[in-house]
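File shown: structure.txt. Contents: compact mmCIF, N, CA and C atoms.
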# COMPACT_ATOMS: atom_id res chain seq x y z
N MET A 1 141.93 80.89 126.56
CA MET A 1 142.61 80.15 127.61
C MET A 1 142.33 80.83 128.96
N VAL A 2 141.80 80.08 129.89
CA VAL A 2 141.51 80.59 131.23
C VAL A 2 142.66 80.17 132.14
N LYS A 3 143.12 81.11 132.98
CA LYS A 3 144.22 80.84 133.91
C LYS A 3 143.80 81.18 135.33
N ALA A 4 144.33 80.41 136.27
CA ALA A 4 144.19 80.71 137.70
C ALA A 4 145.58 81.06 138.20
N ILE A 5 145.74 82.26 138.76
CA ILE A 5 147.05 82.75 139.18
C ILE A 5 146.99 83.18 140.65
N TRP A 6 147.99 82.74 141.40
CA TRP A 6 148.13 83.18 142.78
C TRP A 6 149.61 83.30 143.13
N ASN A 7 149.95 84.34 143.85
CA ASN A 7 151.32 84.58 144.30
C ASN A 7 152.30 84.58 143.11
N GLY A 8 151.84 85.10 141.99
CA GLY A 8 152.69 85.24 140.82
C GLY A 8 152.90 83.97 140.00
N SER A 9 152.22 82.89 140.37
CA SER A 9 152.37 81.62 139.64
C SER A 9 151.06 81.18 139.02
N VAL A 10 151.15 80.58 137.85
CA VAL A 10 149.98 80.01 137.20
C VAL A 10 149.70 78.66 137.87
N ILE A 11 148.56 78.58 138.52
CA ILE A 11 148.16 77.36 139.23
C ILE A 11 147.45 76.40 138.29
N ALA A 12 146.66 76.95 137.36
CA ALA A 12 145.91 76.14 136.41
C ALA A 12 145.73 76.92 135.12
N GLU A 13 145.56 76.18 134.03
CA GLU A 13 145.40 76.79 132.71
C GLU A 13 144.64 75.80 131.83
N ALA A 14 143.51 76.26 131.23
CA ALA A 14 142.71 75.35 130.41
C ALA A 14 141.81 76.11 129.44
N ASP A 15 141.47 75.43 128.36
CA ASP A 15 140.52 75.96 127.38
C ASP A 15 139.09 75.53 127.70
N ASP A 16 138.96 74.51 128.53
CA ASP A 16 137.65 73.90 128.72
C ASP A 16 137.17 73.93 130.17
N THR A 17 137.16 75.11 130.77
CA THR A 17 136.60 75.22 132.12
C THR A 17 135.07 75.16 132.02
N ILE A 18 134.46 74.77 133.12
CA ILE A 18 133.00 74.79 133.23
C ILE A 18 132.66 75.83 134.29
N VAL A 19 131.80 76.78 133.95
CA VAL A 19 131.44 77.84 134.88
C VAL A 19 130.13 77.48 135.58
N VAL A 20 130.20 77.42 136.91
CA VAL A 20 129.03 77.14 137.74
C VAL A 20 129.00 78.20 138.84
N GLU A 21 127.89 78.90 138.92
CA GLU A 21 127.71 79.96 139.91
C GLU A 21 128.87 80.96 139.89
N GLY A 22 129.35 81.29 138.68
CA GLY A 22 130.41 82.28 138.51
C GLY A 22 131.82 81.77 138.75
N ASN A 23 131.97 80.50 139.09
CA ASN A 23 133.30 79.92 139.33
C ASN A 23 133.72 79.02 138.18
N HIS A 24 134.96 79.19 137.74
CA HIS A 24 135.51 78.33 136.70
C HIS A 24 136.04 77.06 137.34
N TYR A 25 135.55 75.92 136.87
CA TYR A 25 136.04 74.63 137.31
C TYR A 25 136.99 74.10 136.24
N PHE A 26 138.26 73.94 136.64
CA PHE A 26 139.31 73.47 135.73
C PHE A 26 139.40 71.94 135.77
N PRO A 27 139.69 71.31 134.63
CA PRO A 27 139.95 69.87 134.68
C PRO A 27 141.13 69.61 135.62
N ARG A 28 141.05 68.55 136.41
CA ARG A 28 142.12 68.25 137.37
C ARG A 28 143.47 68.18 136.67
N ALA A 29 143.52 67.65 135.46
CA ALA A 29 144.78 67.52 134.72
C ALA A 29 145.38 68.87 134.34
N ALA A 30 144.57 69.95 134.35
CA ALA A 30 145.05 71.28 133.99
C ALA A 30 145.60 72.04 135.20
N VAL A 31 145.49 71.45 136.38
CA VAL A 31 145.94 72.10 137.62
C VAL A 31 147.31 71.52 138.00
N LYS A 32 148.23 72.41 138.33
CA LYS A 32 149.58 71.97 138.70
C LYS A 32 149.56 71.40 140.12
N ALA A 33 149.62 70.08 140.19
CA ALA A 33 149.47 69.36 141.45
C ALA A 33 150.53 69.75 142.48
N GLU A 34 151.70 70.20 142.03
CA GLU A 34 152.76 70.55 142.98
C GLU A 34 152.39 71.73 143.87
N TYR A 35 151.35 72.50 143.48
CA TYR A 35 150.91 73.64 144.28
C TYR A 35 149.79 73.29 145.26
N LEU A 36 149.28 72.07 145.20
CA LEU A 36 148.15 71.66 146.03
C LEU A 36 148.60 70.84 147.24
N LYS A 37 148.07 71.20 148.39
CA LYS A 37 148.31 70.43 149.61
C LYS A 37 146.95 69.96 150.13
N PRO A 38 146.87 68.76 150.66
CA PRO A 38 145.58 68.27 151.16
C PRO A 38 145.08 69.11 152.33
N SER A 39 143.77 69.15 152.46
CA SER A 39 143.12 69.84 153.57
C SER A 39 142.01 68.93 154.10
N ASP A 40 141.73 69.02 155.37
CA ASP A 40 140.64 68.25 155.96
C ASP A 40 139.30 68.99 155.88
N THR A 41 139.30 70.20 155.36
CA THR A 41 138.09 71.02 155.31
C THR A 41 137.09 70.44 154.30
N THR A 42 135.82 70.44 154.70
CA THR A 42 134.72 70.10 153.80
C THR A 42 133.57 71.07 154.04
N THR A 43 132.77 71.28 153.02
CA THR A 43 131.53 72.04 153.14
C THR A 43 130.48 71.29 152.33
N VAL A 44 129.22 71.61 152.57
CA VAL A 44 128.15 70.93 151.85
C VAL A 44 127.30 71.94 151.09
N CYS A 45 127.09 71.67 149.82
CA CYS A 45 126.18 72.45 148.98
C CYS A 45 124.94 71.59 148.75
N PRO A 46 123.74 72.15 148.92
CA PRO A 46 122.53 71.35 148.79
C PRO A 46 122.37 70.67 147.42
N TRP A 47 122.85 71.29 146.35
CA TRP A 47 122.64 70.68 145.04
C TRP A 47 123.90 70.11 144.41
N LYS A 48 125.09 70.50 144.90
CA LYS A 48 126.33 69.96 144.33
C LYS A 48 126.89 68.81 145.16
N GLY A 49 126.68 68.83 146.46
CA GLY A 49 127.19 67.78 147.33
C GLY A 49 128.25 68.29 148.28
N THR A 50 129.15 67.40 148.69
CA THR A 50 130.20 67.75 149.65
C THR A 50 131.46 68.18 148.92
N ALA A 51 131.92 69.39 149.22
CA ALA A 51 133.15 69.92 148.64
C ALA A 51 134.32 69.58 149.55
N GLN A 52 135.43 69.22 148.93
CA GLN A 52 136.68 69.01 149.65
C GLN A 52 137.66 70.07 149.17
N TYR A 53 138.66 70.37 149.99
CA TYR A 53 139.53 71.51 149.72
C TYR A 53 141.00 71.13 149.63
N HIS A 54 141.75 72.03 148.98
CA HIS A 54 143.20 71.99 148.95
C HIS A 54 143.71 73.35 149.42
N THR A 55 144.84 73.36 150.10
CA THR A 55 145.55 74.59 150.40
C THR A 55 146.58 74.79 149.30
N LEU A 56 146.71 76.03 148.81
CA LEU A 56 147.73 76.33 147.81
C LEU A 56 149.04 76.64 148.52
N SER A 57 150.13 76.14 147.99
CA SER A 57 151.46 76.42 148.53
C SER A 57 152.36 76.82 147.37
N VAL A 58 152.75 78.09 147.36
CA VAL A 58 153.57 78.64 146.27
C VAL A 58 154.70 79.47 146.86
N ASP A 59 155.91 79.12 146.53
CA ASP A 59 157.09 79.87 146.98
C ASP A 59 157.09 80.13 148.48
N GLY A 60 156.75 79.11 149.24
CA GLY A 60 156.79 79.21 150.70
C GLY A 60 155.60 79.89 151.34
N GLN A 61 154.64 80.34 150.54
CA GLN A 61 153.44 80.98 151.09
C GLN A 61 152.25 80.05 150.89
N GLU A 62 151.33 80.06 151.85
CA GLU A 62 150.15 79.21 151.76
C GLU A 62 148.87 80.03 151.73
N ASN A 63 147.91 79.52 150.99
CA ASN A 63 146.58 80.10 150.90
C ASN A 63 145.62 78.97 151.27
N ARG A 64 145.25 78.96 152.56
CA ARG A 64 144.48 77.84 153.11
C ARG A 64 143.11 77.68 152.45
N ASP A 65 142.83 76.47 152.00
CA ASP A 65 141.53 76.09 151.44
C ASP A 65 141.12 76.96 150.25
N ALA A 66 142.08 77.34 149.44
CA ALA A 66 141.80 78.24 148.31
C ALA A 66 141.33 77.50 147.06
N ALA A 67 141.36 76.17 147.08
CA ALA A 67 140.89 75.38 145.94
C ALA A 67 139.89 74.35 146.47
N TRP A 68 138.84 74.09 145.69
CA TRP A 68 137.87 73.08 146.12
C TRP A 68 137.42 72.24 144.94
N TYR A 69 136.88 71.08 145.29
CA TYR A 69 136.39 70.15 144.28
C TYR A 69 135.32 69.26 144.90
N TYR A 70 134.55 68.63 144.04
CA TYR A 70 133.51 67.69 144.47
C TYR A 70 133.90 66.31 143.95
N ALA A 71 134.40 65.47 144.84
CA ALA A 71 134.84 64.13 144.44
C ALA A 71 133.65 63.28 143.97
N GLU A 72 132.52 63.45 144.64
CA GLU A 72 131.31 62.71 144.29
C GLU A 72 130.13 63.69 144.21
N PRO A 73 130.09 64.51 143.15
CA PRO A 73 129.00 65.49 143.08
C PRO A 73 127.65 64.81 142.90
N LYS A 74 126.61 65.51 143.34
CA LYS A 74 125.25 65.03 143.12
C LYS A 74 124.96 65.05 141.61
N PRO A 75 123.96 64.30 141.16
CA PRO A 75 123.66 64.22 139.72
C PRO A 75 123.51 65.57 139.03
N ALA A 76 122.92 66.55 139.70
CA ALA A 76 122.72 67.87 139.09
C ALA A 76 124.04 68.58 138.78
N ALA A 77 125.12 68.16 139.44
CA ALA A 77 126.43 68.80 139.26
C ALA A 77 127.46 67.83 138.67
N ALA A 78 127.00 66.78 138.05
CA ALA A 78 127.90 65.74 137.54
C ALA A 78 128.99 66.30 136.61
N GLU A 79 128.71 67.39 135.92
CA GLU A 79 129.68 67.94 134.97
C GLU A 79 130.95 68.48 135.64
N ILE A 80 130.93 68.71 136.95
CA ILE A 80 132.13 69.23 137.61
C ILE A 80 132.94 68.14 138.31
N ARG A 81 132.60 66.89 138.12
CA ARG A 81 133.41 65.79 138.66
C ARG A 81 134.81 65.89 138.06
N ASP A 82 135.83 65.66 138.88
CA ASP A 82 137.24 65.72 138.46
C ASP A 82 137.66 67.12 138.02
N ARG A 83 137.04 68.15 138.61
CA ARG A 83 137.38 69.54 138.30
C ARG A 83 137.62 70.30 139.60
N ILE A 84 138.46 71.34 139.51
CA ILE A 84 138.85 72.14 140.67
C ILE A 84 138.57 73.61 140.40
N ALA A 85 138.03 74.30 141.42
CA ALA A 85 137.77 75.74 141.34
C ALA A 85 138.59 76.45 142.42
N PHE A 86 138.68 77.77 142.30
CA PHE A 86 139.53 78.56 143.19
C PHE A 86 138.81 79.80 143.71
N TRP A 87 139.30 80.31 144.84
CA TRP A 87 138.83 81.56 145.43
C TRP A 87 139.91 82.08 146.35
N LYS A 88 139.57 82.94 147.29
CA LYS A 88 140.51 83.49 148.29
C LYS A 88 141.73 84.17 147.65
N GLY A 89 141.45 85.06 146.71
CA GLY A 89 142.55 85.84 146.13
C GLY A 89 143.20 85.23 144.90
N VAL A 90 142.76 84.05 144.49
CA VAL A 90 143.27 83.46 143.25
C VAL A 90 142.57 84.18 142.10
N LYS A 91 143.37 84.75 141.21
CA LYS A 91 142.81 85.50 140.08
C LYS A 91 142.56 84.54 138.93
N VAL A 92 141.31 84.49 138.50
CA VAL A 92 140.93 83.62 137.38
C VAL A 92 140.47 84.54 136.25
N SER A 93 141.17 84.43 135.12
CA SER A 93 140.80 85.28 133.97
C SER A 93 141.18 84.61 132.68

Output the file's structure in the form of structure tokens.
Amino acid sequence: MVKAIWNGSVIAEADDTIVVEGNHYFPRAAVKAEYLKPSDTTTVCPWKGTAQYHTLSVDGQENRDAAWYYAEPKPAAAEIRDRIAFWKGVKVS
């Protein structure tokens, strides 16, 4: 079982993450939506496409743009559609 933990809370937990470039992508259904806030931030990866972000909000603290996903990944990254990955201090183990 892989878990994503930040600020003492389990943000996501799943048996079936997909690892791409060292990042675990969790199924969207395995991520606790109550911790996600929308963000206007986007970045572009040449082979995955445009990433969109969420800010984590846990117990009154925020971690801006600490979660990302590809709503419409390019064909080479199709396996990460509907999946979310984490960084910026989120411990994934």

- Message: Please extract the residues of chain A with a backbone DSSP assignment of strand (DSSP E) and present them as a PyMOL selection string.
- Response: chain A and resi 2-6+9-14+18-20+23-27+36-45+49-58+61-69+83-86+91-92

Using only C-alpha atoms, what does the table of range 32-70 of chain A residues within 9 Å of range 10-22 of chain A look like, with each row giving the shortest atom pair and its distance in Å to one decimal, sorted by chain and ascending number, as CSV?
residue,atom,partner,partner_atom,distance
A:Lys32,CA,A:Ile11,CA,5.6
A:Ala33,CA,A:Ile11,CA,8.4
A:Tyr35,CA,A:Ile11,CA,6.8
A:Leu36,CA,A:Ile11,CA,8.9
A:Leu56,CA,A:Ile11,CA,8.7
A:Val58,CA,A:Ile11,CA,9.0

- Query: Which residues, written as a list in words, have at least one atom at most 9 Å from Ala66 in chain A, with only C-alpha atoms counted and residues fewer than 4 positions away on the same chain left out?
  - Reply: Tyr53, His54, Thr55, Leu56, Ala85, Phe86, Trp87, Lys88, Gly89 and Val90 of chain A

- Item | Distance of atom N of Ala77 in chain A from atom C of Trp6 in chain A, expressed in Å to one decimal place |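 So the two atoms, atom C of Trp6 in chain A and atom N of Ala77 in chain A, lie 29.0 Å apart.
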
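Picture a line from atom C of Lys91 in chain A to atom C of Lys3 in chain A; it runs 5.1 Å.
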
- In Å, with one decimal, what is the gap from atom N of Val92 in chain A to atom C of Ala4 in chain A?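 A separation of 5.5 Å between them.
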
- Out of A:His24, A:Ala67, A:Ala29, A:Pro75, which residue has the shortest atom-to-atom distance to Gly49 in chain A when counting only N, CA and C atoms?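 When distances to Gly49 in chain A are compared using only N, CA and C atoms, the smallest one comes from A:Pro75.
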
- Item | Best match for closeness to Ile84 in chain A among A:Arg64, A:Ser39, A:Tyr25, A:Ser9, counting all atoms listed in the file | A:Tyr25

- Query: Please, which residues of chain A, numbered as in this document, come out helix (DSSP H, G or I) from DSSP, as a PyMOL selection string?
  - Reply: chain A and resi 28-30+33-35+75-80

- Query: Neighbours of Arg81 in chain A within 6 Å (all atoms listed in the file; same-chain residues fewer than 6 positions away dropped), as JSON, numbers by chain?
  - Reply: {"A": [70, 71, 73]}

Extract range 37-70 of chain A from the preceding block and save C-alpha atoms as a compact mmCIF listing (two decimals), in the first residue's frame.
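And here's decode_0.txt as it stands now:
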# COMPACT_ATOMS: atom_id res chain seq x y z
CA LYS A 37 -8.20 23.05 -3.51
CA PRO A 38 -8.23 24.20 -7.14
CA SER A 39 -5.25 26.08 -8.52
CA ASP A 40 -4.85 28.08 -11.72
CA THR A 41 -1.24 26.87 -12.13
CA THR A 42 -0.32 24.85 -15.22
CA THR A 43 2.97 23.57 -16.62
CA VAL A 44 3.77 21.76 -19.85
CA CYS A 45 5.73 18.53 -20.23
CA PRO A 46 6.85 17.76 -23.81
CA TRP A 47 5.73 14.13 -23.67
CA LYS A 48 2.99 14.09 -21.00
CA GLY A 49 1.13 17.28 -21.90
CA THR A 50 -0.27 20.09 -19.74
CA ALA A 51 -0.28 19.51 -15.98
CA GLN A 52 -2.86 21.15 -13.77
CA TYR A 53 -2.40 21.60 -10.03
CA HIS A 54 -4.16 21.46 -6.68
CA THR A 55 -3.15 23.17 -3.46
CA LEU A 56 -3.29 20.93 -0.39
CA SER A 57 -5.20 22.27 2.61
CA VAL A 58 -4.86 20.31 5.85
CA ASP A 59 -5.72 21.56 9.33
CA GLY A 60 -5.60 25.20 8.27
CA GLN A 61 -2.23 24.94 6.52
CA GLU A 62 -1.75 25.11 2.76
CA ASN A 63 0.86 23.60 0.48
CA ARG A 64 0.48 25.51 -2.78
CA ASP A 65 0.47 23.44 -5.98
CA ALA A 66 1.66 20.31 -4.17
CA ALA A 67 -0.49 17.95 -6.27
CA TRP A 68 -0.67 17.70 -10.05
CA TYR A 69 -2.48 15.77 -12.72
CA TYR A 70 -2.86 15.56 -16.49
